[in-house]
There are 2 protein chains.
Amino acid sequence: MIPVNYPTGIKKKYQKEISHGNRGMALEDDINETNKYYLKYNIAVIHKKPTPITIKKVDYPSRIEAIIKEAYFKIPSTTDYNGIYKGKYIDFEAKETRHTYFPFANIHHHQIEHLKKIVQHGGIGFIIVRFSKLGETYYLGAKELFTFLENSKRKSIPREYFLNQGHLLKEKYSPRLDYLAIINKIYFEGE
Amino acid sequence: MIPVNYPTGIKKKYQKEISHGNRGMALEDDINETNKYYLKYNIAVIHKKPTPITIKKVDYPSRIEAIIKEAYFKIPSTTDYNGIYKGKYIDFEAKETRHTYFPFANIHHHQIEHLKKIVQHGGIGFIIVRFSKLGETYYLGAKELFTFLENSKRKSIPREYFLNQGHLLKEKYSPRLDYLAIINKIYFEGE
């Protein structure tokens, strides 16, 4: 439980979250809305995990009120999203980039290791990456992610790899980002 | 994302966590150690979710440092623990009580509803309850929990129900609280 100084990217994310509401949080917002849809229609139970923090100081101005006055962001040891769909364990991370490639700096080493364990134990692991300037969002299976990492010395994944090895996620009105449709195709087709 | 005043029990938990270290957090500590053991020996991937909070104010004393200066506890919409074991989705809540019965006030309505959905979707749901004065810790399956809730007007579950319908979890050196041994018996015996 060592407090950490948060990587700049994550820091920026929170600055945005606090000062500009949803701006810059579009992907997270789309996924949360999609998960709400899945929950409402009893399709799947998938939630975003709370942001991991270390609490240092809490004030109690009244008997029932608690205000956290000092806390620090921690580096997450797992991915942000997990849950259950058709009896299968689902686990993924979602990232947005303004580049036309996906820098590995955007994903923690811990999170890659976590996804590896999930796949080993029979879960469905993947990442969702949005190229915000291109207006494209992709599903990339954990196995395809590992294959790239094992076979390349690059520090980023080019968009073409997502195009060829991943699946384009088209944005719709409802659900906004139907990533379970991709999972249906890959894992449940023909059932 | 409405900030909430936290229920007194949870507030007390944090007061304890902050002012007395691990005292009063024994069950959580035992489960976390058990999960670390499962992870280390590649048995299962089960994590505690971070405490859900709403962040209101963050200071940036330097380019890389972020300090949360104002945040509030939120009522959790799910249980505290989830993960994967032998390909199955695992989901549970852990609670400690000083009573000789388990008051429902200790578990949020949302969490019960969440466990119901998990079971519907084919996951393994349960609660772990420690009667701290008796020195007894029980595993109670979600279905047995629902059966009690549907058939009783009581506002608590007597210890006898845990004794008869649940499974006593004996504390050991390592893993400290081997709840997967119970899951093996119930779900994987004879495989």
# chains A, B, ... in the order shown; residues from 1 in each chain; ligands from 1
$ closest_atom_pairs --of "chain A" --to "chain B" --cutoff "9 Å" --atoms "only C-alpha atoms" --output "JSON lines"
{"residue": "A:Val4", "atom": "CA", "partner": "B:Glu65", "partner_atom": "CA", "distance": 8.4}
{"residue": "A:Asn5", "atom": "CA", "partner": "B:Glu65", "partner_atom": "CA", "distance": 5.0}
{"residue": "A:Tyr6", "atom": "CA", "partner": "B:Glu65", "partner_atom": "CA", "distance": 6.5}
{"residue": "A:Pro7", "atom": "CA", "partner": "B:Ile64", "partner_atom": "CA", "distance": 6.8}
{"residue": "A:Thr8", "atom": "CA", "partner": "B:Ile64", "partner_atom": "CA", "distance": 6.1}
{"residue": "A:Lys11", "atom": "CA", "partner": "B:Ala66", "partner_atom": "CA", "distance": 6.9}
{"residue": "A:Tyr14", "atom": "CA", "partner": "B:Val58", "partner_atom": "CA", "distance": 8.1}
{"residue": "A:Gln15", "atom": "CA", "partner": "B:Val58", "partner_atom": "CA", "distance": 7.7}
{"residue": "A:Ile18", "atom": "CA", "partner": "B:Lys56", "partner_atom": "CA", "distance": 6.9}
{"residue": "A:Leu39", "atom": "CA", "partner": "B:Lys117", "partner_atom": "CA", "distance": 8.9}
{"residue": "A:Asn42", "atom": "CA", "partner": "B:Lys117", "partner_atom": "CA", "distance": 8.0}
{"residue": "A:Ile43", "atom": "CA", "partner": "B:His121", "partner_atom": "CA", "distance": 8.5}
{"residue": "A:Ala44", "atom": "CA", "partner": "B:His121", "partner_atom": "CA", "distance": 7.2}
{"residue": "A:Val45", "atom": "CA", "partner": "B:Ile118", "partner_atom": "CA", "distance": 7.1}
{"residue": "A:His47", "atom": "CA", "partner": "B:Thr78", "partner_atom": "CA", "distance": 8.3}
{"residue": "A:Lys49", "atom": "CA", "partner": "B:Lys49", "partner_atom": "CA", "distance": 6.3}
{"residue": "A:Pro50", "atom": "CA", "partner": "B:Pro52", "partner_atom": "CA", "distance": 5.1}
{"residue": "A:Thr51", "atom": "CA", "partner": "B:Pro50", "partner_atom": "CA", "distance": 6.5}
{"residue": "A:Pro52", "atom": "CA", "partner": "B:Pro50", "partner_atom": "CA", "distance": 5.1}
{"residue": "A:Ile53", "atom": "CA", "partner": "B:Pro50", "partner_atom": "CA", "distance": 7.2}
{"residue": "A:Ile55", "atom": "CA", "partner": "B:Ile18", "partner_atom": "CA", "distance": 7.8}
{"residue": "A:Lys56", "atom": "CA", "partner": "B:Ile18", "partner_atom": "CA", "distance": 6.9}
{"residue": "A:Lys57", "atom": "CA", "partner": "B:Ile18", "partner_atom": "CA", "distance": 7.2}
{"residue": "A:Val58", "atom": "CA", "partner": "B:Gln15", "partner_atom": "CA", "distance": 7.7}
{"residue": "A:Tyr60", "atom": "CA", "partner": "B:Lys11", "partner_atom": "CA", "distance": 8.9}
{"residue": "A:Arg63", "atom": "CA", "partner": "B:Thr8", "partner_atom": "CA", "distance": 7.8}
{"residue": "A:Ile64", "atom": "CA", "partner": "B:Asn5", "partner_atom": "CA", "distance": 6.1}
{"residue": "A:Glu65", "atom": "CA", "partner": "B:Asn5", "partner_atom": "CA", "distance": 5.0}
{"residue": "A:Ala66", "atom": "CA", "partner": "B:Asn5", "partner_atom": "CA", "distance": 6.4}
{"residue": "A:Ile67", "atom": "CA", "partner": "B:Tyr72", "partner_atom": "CA", "distance": 5.4}
{"residue": "A:Ile68", "atom": "CA", "partner": "B:Ala71", "partner_atom": "CA", "distance": 4.9}
{"residue": "A:Lys69", "atom": "CA", "partner": "B:Lys69", "partner_atom": "CA", "distance": 4.8}
{"residue": "A:Glu70", "atom": "CA", "partner": "B:Lys69", "partner_atom": "CA", "distance": 5.1}
{"residue": "A:Ala71", "atom": "CA", "partner": "B:Ile68", "partner_atom": "CA", "distance": 4.9}
{"residue": "A:Tyr72", "atom": "CA", "partner": "B:Ile67", "partner_atom": "CA", "distance": 5.4}
{"residue": "A:Phe73", "atom": "CA", "partner": "B:Ala66", "partner_atom": "CA", "distance": 7.3}
{"residue": "A:Thr78", "atom": "CA", "partner": "B:His47", "partner_atom": "CA", "distance": 8.3}
{"residue": "A:Asn82", "atom": "CA", "partner": "B:Gly83", "partner_atom": "CA", "distance": 8.2}
{"residue": "A:Gly83", "atom": "CA", "partner": "B:Tyr89", "partner_atom": "CA", "distance": 7.7}
{"residue": "A:Ile84", "atom": "CA", "partner": "B:Tyr89", "partner_atom": "CA", "distance": 6.5}
{"residue": "A:Tyr85", "atom": "CA", "partner": "B:His121", "partner_atom": "CA", "distance": 6.6}
{"residue": "A:Lys86", "atom": "CA", "partner": "B:His121", "partner_atom": "CA", "distance": 5.9}
{"residue": "A:Gly87", "atom": "CA", "partner": "B:Gly122", "partner_atom": "CA", "distance": 4.4}
{"residue": "A:Lys88", "atom": "CA", "partner": "B:Tyr89", "partner_atom": "CA", "distance": 6.6}
{"residue": "A:Tyr89", "atom": "CA", "partner": "B:Tyr89", "partner_atom": "CA", "distance": 5.1}
{"residue": "A:Ile90", "atom": "CA", "partner": "B:Tyr89", "partner_atom": "CA", "distance": 8.5}
{"residue": "A:His114", "atom": "CA", "partner": "B:Val45", "partner_atom": "CA", "distance": 8.3}
{"residue": "A:Lys117", "atom": "CA", "partner": "B:Val45", "partner_atom": "CA", "distance": 7.2}
{"residue": "A:Ile118", "atom": "CA", "partner": "B:Val45", "partner_atom": "CA", "distance": 7.1}
{"residue": "A:Gln120", "atom": "CA", "partner": "B:Gly87", "partner_atom": "CA", "distance": 8.9}
{"residue": "A:His121", "atom": "CA", "partner": "B:Gly87", "partner_atom": "CA", "distance": 5.4}
{"residue": "A:Gly122", "atom": "CA", "partner": "B:Gly87", "partner_atom": "CA", "distance": 4.4}
{"residue": "A:Gly123", "atom": "CA", "partner": "B:Gly87", "partner_atom": "CA", "distance": 6.0}
$ calpha_fit_and_write --fixed "chain B" --moving "chain A" --output "CSV table (one decimal) with C-alpha atoms, in the first residue's frame"
chain,number,residue,atom,x,y,z
A,1,MET,CA,-22.3,9.8,-9.1
A,2,ILE,CA,-24.0,11.4,-6.1
A,3,PRO,CA,-21.7,11.6,-3.0
A,4,VAL,CA,-23.2,9.8,-0.1
A,5,ASN,CA,-22.7,10.0,3.7
A,6,TYR,CA,-21.4,6.6,4.5
A,7,PRO,CA,-23.3,4.2,6.7
A,8,THR,CA,-22.0,4.2,10.2
A,9,GLY,CA,-20.5,0.7,10.1
A,10,ILE,CA,-18.4,1.5,7.0
A,11,LYS,CA,-17.4,4.8,8.6
A,12,LYS,CA,-16.2,2.9,11.6
A,13,LYS,CA,-14.3,0.6,9.4
A,14,TYR,CA,-12.3,3.4,7.9
A,15,GLN,CA,-11.7,5.1,11.2
A,16,LYS,CA,-10.2,1.8,12.3
A,17,GLU,CA,-8.2,1.3,9.1
A,18,ILE,CA,-6.7,4.7,9.4
A,19,SER,CA,-6.1,5.0,13.1
A,20,HIS,CA,-5.4,1.5,14.2
A,21,GLY,CA,-3.8,-0.2,11.2
A,22,ASN,CA,-5.1,-3.7,10.8
A,23,ARG,CA,-7.0,-4.0,14.0
A,24,GLY,CA,-10.7,-4.8,13.3
A,25,MET,CA,-9.8,-5.6,9.7
A,26,ALA,CA,-8.8,-9.1,10.4
A,27,LEU,CA,-11.2,-10.8,8.0
A,28,GLU,CA,-10.4,-8.5,5.0
A,29,ASP,CA,-6.7,-9.1,5.8
A,30,ASP,CA,-7.1,-12.9,5.9
A,31,ILE,CA,-8.9,-12.9,2.6
A,32,ASN,CA,-6.4,-10.6,0.9
A,33,GLU,CA,-3.6,-12.9,2.1
A,34,THR,CA,-5.5,-15.9,0.9
A,35,ASN,CA,-6.0,-14.3,-2.5
A,36,LYS,CA,-2.3,-13.5,-2.7
A,37,TYR,CA,-1.6,-17.1,-2.1
A,38,TYR,CA,-4.0,-18.2,-4.8
A,39,LEU,CA,-2.3,-15.7,-7.2
A,40,LYS,CA,1.2,-16.8,-6.3
A,41,TYR,CA,0.5,-20.5,-6.8
A,42,ASN,CA,-1.5,-19.8,-9.9
A,43,ILE,CA,-4.6,-21.3,-8.4
A,44,ALA,CA,-7.1,-18.5,-9.0
A,45,VAL,CA,-7.1,-14.7,-9.9
A,46,ILE,CA,-9.3,-13.1,-7.3
A,47,HIS,CA,-9.0,-9.4,-6.2
A,48,LYS,CA,-10.6,-7.0,-3.8
A,49,LYS,CA,-12.1,-4.1,-5.6
A,50,PRO,CA,-11.0,-0.7,-4.6
A,51,THR,CA,-13.2,1.3,-2.3
A,52,PRO,CA,-15.7,3.3,-4.4
A,53,ILE,CA,-15.3,7.1,-4.0
A,54,THR,CA,-16.3,10.3,-5.7
A,55,ILE,CA,-13.4,12.6,-6.2
A,56,LYS,CA,-14.2,16.3,-5.9
A,57,LYS,CA,-10.8,18.0,-5.6
A,58,VAL,CA,-7.3,17.1,-6.7
A,59,ASP,CA,-4.2,19.2,-6.1
A,60,TYR,CA,-1.1,19.0,-8.2
A,61,PRO,CA,1.8,20.3,-6.1
A,62,SER,CA,4.2,19.3,-8.9
A,63,ARG,CA,4.0,18.1,-12.5
A,64,ILE,CA,4.0,14.4,-11.5
A,65,GLU,CA,2.3,14.5,-8.1
A,66,ALA,CA,-1.4,14.4,-7.5
A,67,ILE,CA,-3.1,14.6,-4.0
A,68,ILE,CA,-6.8,14.0,-3.6
A,69,LYS,CA,-7.9,16.8,-1.2
A,70,GLU,CA,-11.7,16.1,-1.2
A,71,ALA,CA,-13.5,12.9,-1.9
A,72,TYR,CA,-16.5,11.0,-0.5
A,73,PHE,CA,-17.3,7.3,0.0
A,74,LYS,CA,-20.0,5.9,-2.2
A,75,ILE,CA,-22.3,3.0,-1.5
A,76,PRO,CA,-20.9,0.0,-3.4
A,77,SER,CA,-23.1,-1.2,-6.3
A,78,THR,CA,-21.4,-4.6,-6.3
A,79,THR,CA,-19.6,-6.9,-3.9
A,80,ASP,CA,-16.0,-6.4,-2.8
A,81,TYR,CA,-14.4,-9.4,-4.3
A,82,ASN,CA,-14.4,-11.1,-7.7
A,83,GLY,CA,-12.3,-13.1,-10.1
A,84,ILE,CA,-11.8,-16.4,-11.8
A,85,TYR,CA,-11.2,-20.0,-10.6
A,86,LYS,CA,-11.1,-23.0,-12.9
A,87,GLY,CA,-12.8,-21.0,-15.7
A,88,LYS,CA,-15.7,-20.0,-13.4
A,89,TYR,CA,-16.6,-16.5,-12.4
A,90,ILE,CA,-16.3,-16.0,-8.6
A,91,ASP,CA,-18.1,-13.2,-6.7
A,92,PHE,CA,-18.5,-12.6,-3.0
A,93,GLU,CA,-18.8,-10.2,-0.1
A,94,ALA,CA,-17.1,-10.6,3.3
A,95,LYS,CA,-18.4,-9.3,6.5
A,96,GLU,CA,-17.4,-9.4,10.1
A,97,THR,CA,-19.9,-9.1,13.0
A,98,ARG,CA,-19.5,-9.0,16.8
A,99,HIS,CA,-23.1,-10.3,17.2
A,100,THR,CA,-24.0,-14.0,17.4
A,101,TYR,CA,-26.2,-13.4,14.4
A,102,PHE,CA,-25.6,-11.7,11.0
A,103,PRO,CA,-27.6,-8.5,10.7
A,104,PHE,CA,-28.8,-7.7,7.1
A,105,ALA,CA,-27.9,-4.1,7.8
A,106,ASN,CA,-24.3,-5.3,7.2
A,107,ILE,CA,-25.0,-6.0,3.6
A,108,HIS,CA,-26.4,-3.5,1.0
A,109,HIS,CA,-29.5,-4.4,-0.9
A,110,HIS,CA,-27.6,-3.6,-4.1
A,111,GLN,CA,-25.1,-6.3,-3.2
A,112,ILE,CA,-27.8,-8.9,-2.7
A,113,GLU,CA,-29.3,-7.9,-6.1
A,114,HIS,CA,-25.8,-8.1,-7.6
A,115,LEU,CA,-25.2,-11.6,-6.3
A,116,LYS,CA,-28.6,-12.7,-7.7
A,117,LYS,CA,-27.6,-11.6,-11.2
A,118,ILE,CA,-24.2,-13.3,-10.8
A,119,VAL,CA,-25.9,-16.7,-10.1
A,120,GLN,CA,-28.4,-16.1,-12.9
A,121,HIS,CA,-25.5,-15.7,-15.3
A,122,GLY,CA,-23.8,-18.9,-14.2
A,123,GLY,CA,-21.3,-17.4,-11.7
A,124,ILE,CA,-20.4,-18.7,-8.3
A,125,GLY,CA,-21.7,-16.3,-5.6
A,126,PHE,CA,-21.4,-16.4,-1.8
A,127,ILE,CA,-20.7,-14.5,1.3
A,128,ILE,CA,-18.1,-15.0,4.0
A,129,VAL,CA,-19.2,-14.1,7.5
A,130,ARG,CA,-17.0,-14.0,10.5
A,131,PHE,CA,-18.5,-14.0,14.0
A,132,SER,CA,-15.5,-12.3,15.6
A,133,LYS,CA,-16.5,-13.0,19.3
A,134,LEU,CA,-17.1,-16.7,18.6
A,135,GLY,CA,-14.0,-16.9,16.4
A,136,GLU,CA,-16.0,-18.6,13.6
A,137,THR,CA,-15.9,-17.9,9.9
A,138,TYR,CA,-18.5,-19.3,7.5
A,139,TYR,CA,-19.0,-19.7,3.8
A,140,LEU,CA,-22.6,-19.3,2.8
A,141,GLY,CA,-23.7,-19.9,-0.8
A,142,ALA,CA,-25.7,-17.2,-2.5
A,143,LYS,CA,-28.6,-19.7,-3.1
A,144,GLU,CA,-28.8,-20.5,0.7
A,145,LEU,CA,-28.7,-16.7,1.4
A,146,PHE,CA,-31.6,-16.1,-1.0
A,147,THR,CA,-33.6,-19.0,0.4
A,148,PHE,CA,-33.3,-17.5,3.9
A,149,LEU,CA,-34.3,-14.0,2.6
A,150,GLU,CA,-37.3,-15.4,0.8
A,151,ASN,CA,-38.6,-17.5,3.7
A,152,SER,CA,-37.9,-15.4,6.7
A,153,LYS,CA,-39.1,-12.0,7.9
A,154,ARG,CA,-36.1,-11.7,10.3
A,155,LYS,CA,-33.7,-8.9,10.0
A,156,SER,CA,-30.7,-11.1,10.6
A,157,ILE,CA,-29.5,-14.6,10.0
A,158,PRO,CA,-28.8,-16.7,13.1
A,159,ARG,CA,-25.5,-18.4,13.5
A,160,GLU,CA,-27.2,-21.8,13.4
A,161,TYR,CA,-28.2,-21.2,9.8
A,162,PHE,CA,-24.6,-20.7,8.8
A,163,LEU,CA,-23.7,-23.9,10.8
A,164,ASN,CA,-26.4,-25.9,9.1
A,165,GLN,CA,-26.5,-24.4,5.6
A,166,GLY,CA,-23.1,-23.0,5.3
A,167,HIS,CA,-19.5,-24.3,5.7
A,168,LEU,CA,-17.2,-23.5,8.5
A,169,LEU,CA,-13.9,-22.1,7.2
A,170,LYS,CA,-11.0,-23.2,9.4
A,171,GLU,CA,-8.2,-20.7,9.7
A,172,LYS,CA,-4.8,-22.1,8.7
A,173,TYR,CA,-1.3,-20.7,8.4
A,174,SER,CA,-1.3,-20.7,4.6
A,175,PRO,CA,-3.6,-20.1,2.9
A,176,ARG,CA,-5.3,-18.4,5.8
A,177,LEU,CA,-8.9,-19.0,4.8
A,178,ASP,CA,-9.1,-21.6,2.1
A,179,TYR,CA,-12.6,-20.8,0.7
A,180,LEU,CA,-11.8,-22.4,-2.7
A,181,ALA,CA,-11.6,-25.8,-0.9
A,182,ILE,CA,-15.3,-25.3,-0.2
A,183,ILE,CA,-16.0,-24.3,-3.8
A,184,ASN,CA,-14.1,-27.5,-4.9
A,185,LYS,CA,-16.4,-29.6,-2.8
A,186,ILE,CA,-19.6,-28.0,-4.0
A,187,TYR,CA,-18.8,-27.4,-7.7
A,188,PHE,CA,-15.9,-29.6,-8.8
A,189,GLU,CA,-16.1,-32.7,-6.7
A,190,GLY,CA,-15.8,-35.8,-8.9
A,191,GLU,CA,-14.2,-33.9,-11.8
$ select_by_dssp --residues "chain B" --states "strand (DSSP E)" --output "JSON, numbers by chain"
{"B": [44, 45, 46, 47, 48, 53, 54, 55, 56, 57, 58, 59, 60, 61, 62, 65, 66, 67, 68, 69, 70, 71, 72, 73, 81, 82, 83, 84, 85, 88, 89, 90, 91, 92, 93, 94, 95, 96, 97, 101, 102, 103, 124, 125, 126, 127, 128, 129, 130, 131, 136, 137, 138, 139, 140, 141, 156, 157, 158, 167, 168]}
$ select_by_dssp --residues "chain A" --states "helix (DSSP H, G or I)" --output "number ranges by chain"
A: 8-20, 26-40, 104-106, 109-120, 142-151, 159-165, 179-188
